[in-house]
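A.B. asks: Can you keep this structure in mind? I'll have questions shortly.
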Amino acid sequence: MKVKTRFAPSPTGYLHVGGARTALYSWLFARHNQGEFVLRIEDTDLERSTPEAIEAILDGMNWLELGWDEGPYYQTKRFDRYRDVVAQMLEAGTAYKCYCSIERLDAMREEQMAKGEKPRYDGKCRHGNTEHAADAPYVIRFKNPEEGSVIFDDQIRGPIEIGNKELDDLIIQRTDGSPTYNFCVVVDDWDMGITHVVRGEDHINNTPRQINILKALGAPVPLYAHVSMILGDDGKKLSKRHGAVSVMQYRDEGYLPEALLNYLVRLGWSHGDQEVFSMPEMIELFTLEAVNKAASAFNTEKLNWLNNHYIRTLPAEEVAKHLEWHMADQQLDTSKGPSLEALVGVMGERVNTLRELAAQSRYFYEDFSDFEEGAAKKHLRPVAQEPLQLVQKKLAELADWTVEAIHNAIQATADELEVGMGKVGMPLRVAVTGAGQSPSLDLTLHLIGKERSLARLDQAVDFIVKRAAD
């Protein structure tokens, strides 16, 4: 049997991290088994589905590089197929027309709830209903088995059994002729040859209904695996109040797709104590049996740690491709400074996100007129004027603007003045970066460039002179 999985989001909002993890698990299972992965857009909720949400889902999948082998399929383009299957079921007697009014159904539910019973359709039209006008509106219901139970072996949770008496005759086609969610899913999984359905635990209650419809159609029943929910670090269901929940929001906040995928795969699945997984390792090692039944708690600190790891260890040119978006977002003209690859190599150790990296790298690309107040107060004092002027002279004399030559010039300044490197280095750092922190000075000046570094030293000396005069 060739494994075939699917990810089937409803386009009523962005692709959230819970959906992304489900997509990842489904994708990994297919890849691990040399199978196929289908993307299906379940857009039958015409009121809430939007083109913007569809675009957000596709953007998220593409950014994560979870490519699909088939699709994207759209349920709204398959309505003729659903109507054909409904007609076949009516003819076979596995579905029936229900003429019960909304008023009758509401009254029935209220009465059931008053008695402490589970609200469910009472089957009034199941065996025929002649008490209606010829043109009366109707829905079509599935004739659910009344005896026995549905048993399925959940690939994560083990055997689950639901008695058929717990299930009522659900509507499969509305009055306006549109099909319902549970019915469309069944026909799609059947037509698309889905062998394994990996989805959230909120669908467990839908599974026995869908299995019964599949059996009524004589269709093969896929294997099901229901993934637990993701909780925030406060133990409550992950939501907007916990911060970013949209996949593309994580992109915007400066996370690499490799880091988010690595984090999501470990959010409910494990392989020993290993924390860092390349995509080939995930594909090789992933199994549904190793997915935890318990809910997982989101931990931003762990994600930050992973993101820092990937910023440092991925090839700089790969990180630079993602960094480019953040530099543009922060309106930094990268044509006037070092290459992004070089920047990643110098700044990668110091940050958790690409957004931080871009924000902290502004002085490589833009000149400034103000120094960080605390750093200037501490290091741009009159006593720093002589070291800055001497190091400026030595730097100006350099024929080659190399890291080694810059380092030697700074060291020679300290030696000549018989002071520690800090007496030269700290004022120099504030002079050329505007702040008190940066990567190693020789590297920093090398990337800023000779002309710009010397001009900034002039600016710092002028600042000290003016400060002394004041």
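Just remember, in the structure tokens the first chain shown is A, the second B, etc., residues are 1-based per chain, and ligands are 1-based in the order shown.
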Just want the 7 Å neighbourhood of A:Glu253, counted on only C-alpha atoms, with same-chain residues fewer than 3 positions away dropped. Output as a list in words.
C.D. replies: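 Surrounding residues, per the criterion: Gln249, Tyr250 and Arg355 of chain A.
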A.B. asks: Which polymer residues have any atom within 6 Å of an atom of stretch 285-302 of chain A, counting only C-alpha atoms, with same-chain residues fewer than 2 positions away left out, as a list of chain:residue names?
C.D. replies: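 So, after excluding close chain neighbours, the residues are A:Ile156, A:Ser228, A:Met229, A:Ile230, A:Leu231, A:Gly232, A:Asp233, A:Leu267, A:Gly268, A:Trp269, A:Glu281, A:Met282, A:Ile283, A:Asn304, A:Trp305.
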A.B. asks: Enumerate the residues of stretch 248-425 of chain A with a DSSP assignment of alpha helix (DSSP H), computed from the backbone, and present them as a PyMOL selection string.
C.D. replies: chain A and resi 248-252+257-265+279-285+300-313+316-329+340-347+354-359+362-365+373-379+385-396+403-417+421-425
A.B. asks: May I have the residues from that selection written out with C-alpha atoms, as a tab-separated table (two decimals), in the first residue's frame?
C.D. replies:
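The result, stored in out.tsv:
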```tsv
chain	number	residue	atom	x	y	z
A	248	MET	CA	4.11	34.13	8.98
A	249	GLN	CA	4.20	36.18	12.17
A	250	TYR	CA	7.15	34.04	13.24
A	251	ARG	CA	8.78	34.88	9.92
A	252	ASP	CA	8.13	38.58	10.60
A	257	PRO	CA	11.87	28.18	8.93
A	258	GLU	CA	14.42	25.50	9.89
A	259	ALA	CA	14.23	26.59	13.53
A	260	LEU	CA	10.43	26.69	13.63
A	261	LEU	CA	10.15	23.26	11.97
A	262	ASN	CA	12.72	21.78	14.35
A	263	TYR	CA	10.84	23.31	17.28
A	264	LEU	CA	7.43	22.10	16.06
A	265	VAL	CA	8.58	18.53	15.40
A	279	MET	CA	15.13	17.85	7.76
A	280	PRO	CA	16.71	14.60	6.43
A	281	GLU	CA	16.95	13.37	10.04
A	282	MET	CA	13.31	14.23	10.71
A	283	ILE	CA	12.24	12.31	7.61
A	284	GLU	CA	14.38	9.31	8.52
A	285	LEU	CA	13.34	9.11	12.19
A	300	THR	CA	9.57	30.59	23.45
A	301	GLU	CA	12.97	30.33	25.16
A	302	LYS	CA	13.56	26.93	23.54
A	303	LEU	CA	12.53	28.32	20.14
A	304	ASN	CA	14.93	31.25	20.62
A	305	TRP	CA	17.74	28.84	21.48
A	306	LEU	CA	17.08	26.81	18.35
A	307	ASN	CA	16.83	29.92	16.19
A	308	ASN	CA	20.19	31.15	17.46
A	309	HIS	CA	21.64	27.70	16.73
A	310	TYR	CA	20.44	27.81	13.12
A	311	ILE	CA	21.56	31.42	12.59
A	312	ARG	CA	25.05	30.32	13.68
A	313	THR	CA	25.25	26.95	11.95
A	316	ALA	CA	25.65	32.17	5.92
A	317	GLU	CA	24.25	32.60	2.41
A	318	GLU	CA	21.07	30.72	3.41
A	319	VAL	CA	20.56	32.85	6.51
A	320	ALA	CA	21.30	35.97	4.45
A	321	LYS	CA	18.40	35.18	2.08
A	322	HIS	CA	15.99	35.37	5.01
A	323	LEU	CA	17.80	38.35	6.57
A	324	GLU	CA	17.31	40.34	3.38
A	325	TRP	CA	13.57	40.62	4.10
A	326	HIS	CA	14.24	42.06	7.58
A	327	MET	CA	16.77	44.58	6.34
A	328	ALA	CA	14.23	45.83	3.81
A	329	ASP	CA	11.49	45.80	6.46
A	340	LEU	CA	24.73	40.10	4.38
A	341	GLU	CA	26.75	36.88	4.43
A	342	ALA	CA	29.60	38.69	6.18
A	343	LEU	CA	27.15	40.32	8.57
A	344	VAL	CA	25.66	36.95	9.54
A	345	GLY	CA	29.13	35.62	10.28
A	346	VAL	CA	29.94	38.55	12.56
A	347	MET	CA	26.58	39.15	14.29
A	354	LEU	CA	16.95	37.99	12.41
A	355	ARG	CA	14.89	41.01	13.39
A	356	GLU	CA	17.33	41.63	16.27
A	357	LEU	CA	20.25	41.07	13.92
A	358	ALA	CA	18.93	43.71	11.51
A	359	ALA	CA	18.18	46.20	14.29
A	362	ARG	CA	22.18	49.58	11.54
A	363	TYR	CA	25.57	51.26	12.10
A	364	PHE	CA	27.16	49.06	9.41
A	365	TYR	CA	24.92	50.69	6.79
A	373	GLU	CA	23.94	58.43	26.05
A	374	GLY	CA	25.32	56.03	28.66
A	375	ALA	CA	28.15	54.80	26.44
A	376	ALA	CA	29.17	58.33	25.45
A	377	LYS	CA	29.11	59.56	29.04
A	378	LYS	CA	31.39	56.72	30.11
A	379	HIS	CA	33.78	56.44	27.19
A	385	GLN	CA	40.67	62.34	22.91
A	386	GLU	CA	44.36	61.46	22.66
A	387	PRO	CA	43.84	57.68	22.13
A	388	LEU	CA	41.17	58.36	19.48
A	389	GLN	CA	43.31	60.84	17.56
A	390	LEU	CA	46.36	58.56	17.65
A	391	VAL	CA	44.45	55.45	16.56
A	392	GLN	CA	42.78	57.51	13.82
A	393	LYS	CA	46.22	58.55	12.54
A	394	LYS	CA	47.46	54.93	12.52
A	395	LEU	CA	44.28	53.69	10.81
A	396	ALA	CA	44.51	56.43	8.18
A	403	VAL	CA	41.31	42.73	10.02
A	404	GLU	CA	44.90	41.97	11.00
A	405	ALA	CA	46.19	45.42	10.05
A	406	ILE	CA	43.35	47.12	11.98
A	407	HIS	CA	44.05	44.95	15.03
A	408	ASN	CA	47.77	45.83	14.90
A	409	ALA	CA	46.99	49.57	14.65
A	410	ILE	CA	44.78	49.44	17.74
A	411	GLN	CA	47.39	47.42	19.64
A	412	ALA	CA	50.19	49.81	18.58
A	413	THR	CA	48.15	52.76	19.89
A	414	ALA	CA	47.75	51.14	23.31
A	415	ASP	CA	51.44	50.23	23.39
A	416	GLU	CA	52.57	53.74	22.44
A	417	LEU	CA	50.37	55.36	25.08
A	421	MET	CA	43.54	47.95	25.22
A	422	GLY	CA	40.27	48.96	26.87
A	423	LYS	CA	41.40	52.60	27.08
A	424	VAL	CA	41.66	52.63	23.31
A	425	GLY	CA	39.10	49.99	22.36
```
A.B. asks: Excluding same-chain residues fewer than 3 positions from A:His203, what lies within 12 Å of it counting only C-alpha atoms, as a list in words?
C.D. replies: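 Contacts, with the query itself left out: Asp154, Tyr181, Asn182, Val185, Val197, Val198, Arg199, Gly200, Asn206, Thr207, Pro208, Arg209, Gln210, Tyr224, Ala225, His226, Val227, Ser228 and Met229 of chain A.
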A.B. asks: Neighbouring residues of A:Asp370 were defined as those with any atom within 12 Å, considering only C-alpha atoms; residues of the same chain fewer than 5 positions away were excluded. Please report them as a ChimeraX atom specification.
C.D. replies: /A:363,375-376,430-435,456,459-460,463
A.B. asks: Kindly save the residues from that selection, with C-alpha atoms included, as a tab-separated table (two decimals), in the first residue's frame.
C.D. replies:
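The file below, selection.tsv, is the result:
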```tsv
chain	number	residue	atom	x	y	z
A	363	TYR	CA	25.57	51.26	12.10
A	375	ALA	CA	28.15	54.80	26.44
A	376	ALA	CA	29.17	58.33	25.45
A	430	VAL	CA	31.54	54.02	20.77
A	431	ALA	CA	33.03	56.32	18.13
A	432	VAL	CA	32.45	53.99	15.18
A	433	THR	CA	29.22	52.24	16.25
A	434	GLY	CA	27.53	54.87	18.41
A	435	ALA	CA	27.07	52.36	21.21
A	456	ARG	CA	33.14	58.72	12.59
A	459	GLN	CA	32.76	63.09	14.74
A	460	ALA	CA	33.65	61.50	18.11
A	463	PHE	CA	31.87	65.50	20.39
```
A.B. asks: Atom CA of A:Ser278 and atom CA of A:Trp63 are how many Å apart?
C.D. replies: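 According to the coordinates, atom CA of A:Ser278 and atom CA of A:Trp63 are separated by 16.3 Å.
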A.B. asks: Give me the residues near stretch 64-69 of chain A as a list in words, where near means some atom within 8 Å (using only C-alpha atoms) and where sequence neighbours in that chain fewer than 2 positions away do not count.
C.D. replies: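 Skipping anything fewer than 2 positions along the chain leaves Ala23, Leu24, Trp27, Glu36, Phe37, Val38, Leu39, Gly60, Met61, Asn62, Gly71, Pro72, Pro257, Glu258 and Leu261 of chain A.
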A.B. asks: Write out as a PyMOL selection string all residues of stretch 10-204 of chain A that backbone DSSP assigns to strand (DSSP E or B).
C.D. replies: chain A and resi 16+36-41+70-74+95-98+139-142+149-154+158-163+171-173+179+196-200
A.B. asks: Could you write those residues out with N, CA and C atoms, as a compact mmCIF listing (two decimals), in the first residue's frame?
C.D. replies:
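Writing the result to part-v2.txt gives the following:
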```txt
# COMPACT_ATOMS: atom_id res chain seq x y z
N HIS A 16 -1.93 28.76 11.58
CA HIS A 16 -1.38 28.89 12.94
C HIS A 16 -0.39 27.77 13.23
N GLU A 36 3.00 10.03 -0.66
CA GLU A 36 2.62 11.31 -1.26
C GLU A 36 1.86 12.16 -0.25
N PHE A 37 1.96 13.46 -0.43
CA PHE A 37 1.35 14.43 0.48
C PHE A 37 0.45 15.36 -0.34
N VAL A 38 -0.79 15.48 0.10
CA VAL A 38 -1.80 16.25 -0.63
C VAL A 38 -2.16 17.50 0.17
N LEU A 39 -2.29 18.62 -0.52
CA LEU A 39 -2.81 19.84 0.12
C LEU A 39 -4.23 20.09 -0.39
N ARG A 40 -5.14 20.22 0.56
CA ARG A 40 -6.56 20.40 0.23
C ARG A 40 -7.10 21.60 1.01
N ILE A 41 -7.73 22.51 0.34
CA ILE A 41 -8.32 23.68 0.99
C ILE A 41 -9.80 23.43 1.21
N GLU A 70 0.28 16.78 -4.60
CA GLU A 70 -0.99 17.00 -5.31
C GLU A 70 -1.69 18.19 -4.69
N GLY A 71 -2.44 18.92 -5.52
CA GLY A 71 -3.21 20.04 -5.03
C GLY A 71 -2.53 21.36 -5.35
N PRO A 72 -2.99 22.45 -4.74
CA PRO A 72 -4.08 22.42 -3.76
C PRO A 72 -5.44 22.17 -4.42
N TYR A 73 -6.20 21.25 -3.81
CA TYR A 73 -7.58 21.01 -4.21
C TYR A 73 -8.49 21.96 -3.42
N TYR A 74 -9.57 22.39 -4.04
CA TYR A 74 -10.53 23.28 -3.38
C TYR A 74 -11.90 22.61 -3.37
N ALA A 95 -29.08 7.40 2.76
CA ALA A 95 -29.35 8.79 3.12
C ALA A 95 -30.83 9.06 2.85
N TYR A 96 -31.36 10.10 3.46
CA TYR A 96 -32.78 10.40 3.29
C TYR A 96 -33.04 11.90 3.41
N LYS A 97 -34.18 12.30 2.86
CA LYS A 97 -34.58 13.71 2.94
C LYS A 97 -35.27 13.96 4.28
N CYS A 98 -34.90 15.07 4.91
CA CYS A 98 -35.49 15.44 6.19
C CYS A 98 -36.17 16.80 6.04
N VAL A 139 -33.38 19.04 4.07
CA VAL A 139 -31.95 18.73 4.08
C VAL A 139 -31.83 17.24 3.80
N ILE A 140 -30.62 16.80 3.54
CA ILE A 140 -30.40 15.35 3.37
C ILE A 140 -29.51 14.87 4.50
N ARG A 141 -29.97 13.81 5.17
CA ARG A 141 -29.24 13.26 6.31
C ARG A 141 -28.67 11.89 5.96
N PHE A 142 -27.55 11.58 6.57
CA PHE A 142 -26.95 10.25 6.47
C PHE A 142 -27.68 9.32 7.44
N SER A 149 -21.05 -0.41 17.23
CA SER A 149 -20.16 0.71 17.55
C SER A 149 -19.08 0.84 16.48
N VAL A 150 -18.45 1.97 16.49
CA VAL A 150 -17.31 2.22 15.59
C VAL A 150 -16.04 2.07 16.42
N ILE A 151 -15.16 1.21 15.97
CA ILE A 151 -13.87 1.03 16.65
C ILE A 151 -12.76 1.35 15.64
N PHE A 152 -11.87 2.26 16.02
CA PHE A 152 -10.72 2.51 15.16
C PHE A 152 -9.47 2.59 16.02
N ASP A 153 -8.37 2.15 15.40
CA ASP A 153 -7.09 2.09 16.12
C ASP A 153 -6.32 3.36 15.81
N ASP A 154 -6.48 4.34 16.67
CA ASP A 154 -5.78 5.61 16.48
C ASP A 154 -4.27 5.37 16.56
N GLY A 158 -4.18 4.80 20.29
CA GLY A 158 -4.62 3.43 20.49
C GLY A 158 -6.10 3.27 20.16
N PRO A 159 -6.70 2.13 20.52
CA PRO A 159 -8.09 1.85 20.15
C PRO A 159 -9.07 2.85 20.76
N ILE A 160 -10.01 3.31 19.93
CA ILE A 160 -11.10 4.20 20.38
C ILE A 160 -12.41 3.59 19.89
N GLU A 161 -13.37 3.53 20.79
CA GLU A 161 -14.69 2.94 20.44
C GLU A 161 -15.79 3.94 20.77
N ILE A 162 -16.69 4.15 19.81
CA ILE A 162 -17.86 5.03 19.99
C ILE A 162 -19.11 4.25 19.60
N GLY A 163 -20.07 4.19 20.50
CA GLY A 163 -21.32 3.50 20.19
C GLY A 163 -22.13 4.28 19.16
N ILE A 171 -26.53 15.82 8.99
CA ILE A 171 -26.88 16.43 7.71
C ILE A 171 -25.66 16.36 6.78
N ILE A 172 -25.86 15.89 5.56
CA ILE A 172 -24.76 15.85 4.60
C ILE A 172 -24.98 16.84 3.45
N GLN A 173 -26.22 17.32 3.31
CA GLN A 173 -26.48 18.37 2.31
C GLN A 173 -27.52 19.32 2.87
N PRO A 179 -23.01 20.98 0.30
CA PRO A 179 -22.63 19.84 1.14
C PRO A 179 -22.04 20.32 2.46
N HIS A 196 -3.76 7.66 5.28
CA HIS A 196 -3.54 8.04 6.68
C HIS A 196 -3.99 9.49 6.89
N VAL A 197 -4.85 9.68 7.86
CA VAL A 197 -5.34 11.02 8.19
C VAL A 197 -4.69 11.46 9.50
N VAL A 198 -3.79 12.44 9.41
CA VAL A 198 -3.15 13.01 10.60
C VAL A 198 -3.79 14.37 10.83
N ARG A 199 -4.42 14.55 11.99
CA ARG A 199 -5.12 15.81 12.26
C ARG A 199 -5.23 16.05 13.75
N GLY A 200 -5.77 17.20 14.13
CA GLY A 200 -5.87 17.58 15.53
C GLY A 200 -6.88 16.76 16.29
```
A.B. asks: Measuring atom to atom with only C-alpha atoms, identify which of A:Leu457, A:Leu445, A:Val221, A:Val85 is nearest to A:Gly337.
C.D. replies: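 Distance minimum relative to A:Gly337 lands on A:Leu445.
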A.B. asks: Mind pulling up the distance from atom CA of A:Ala30 to atom CA of A:Asp45?
C.D. replies: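 So the two atoms, atom CA of A:Asp45 and atom CA of A:Ala30, lie 28.0 Å apart.
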A.B. asks: Just give me the gap between atom CA of A:Trp190 and atom CA of A:Arg21 in Å, one decimal is fine.
C.D. replies: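 Interatomic distance here is 23.9 Å.
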A.B. asks: Using only C-alpha atoms, which residue out of A:Glu366, A:Glu103, A:Asp43, A:Glu147 lies closest to A:Arg452?
C.D. replies: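 For A:Arg452, the nearest of the given residues is A:Glu366.
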A.B. asks: Counting only C-alpha atoms, which residue out of A:Asn144, A:Gln331, A:Ser10, A:Ser361 sits closest to A:Ile54?
C.D. replies: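 So, comparing all the options, the nearest one is A:Ser10.
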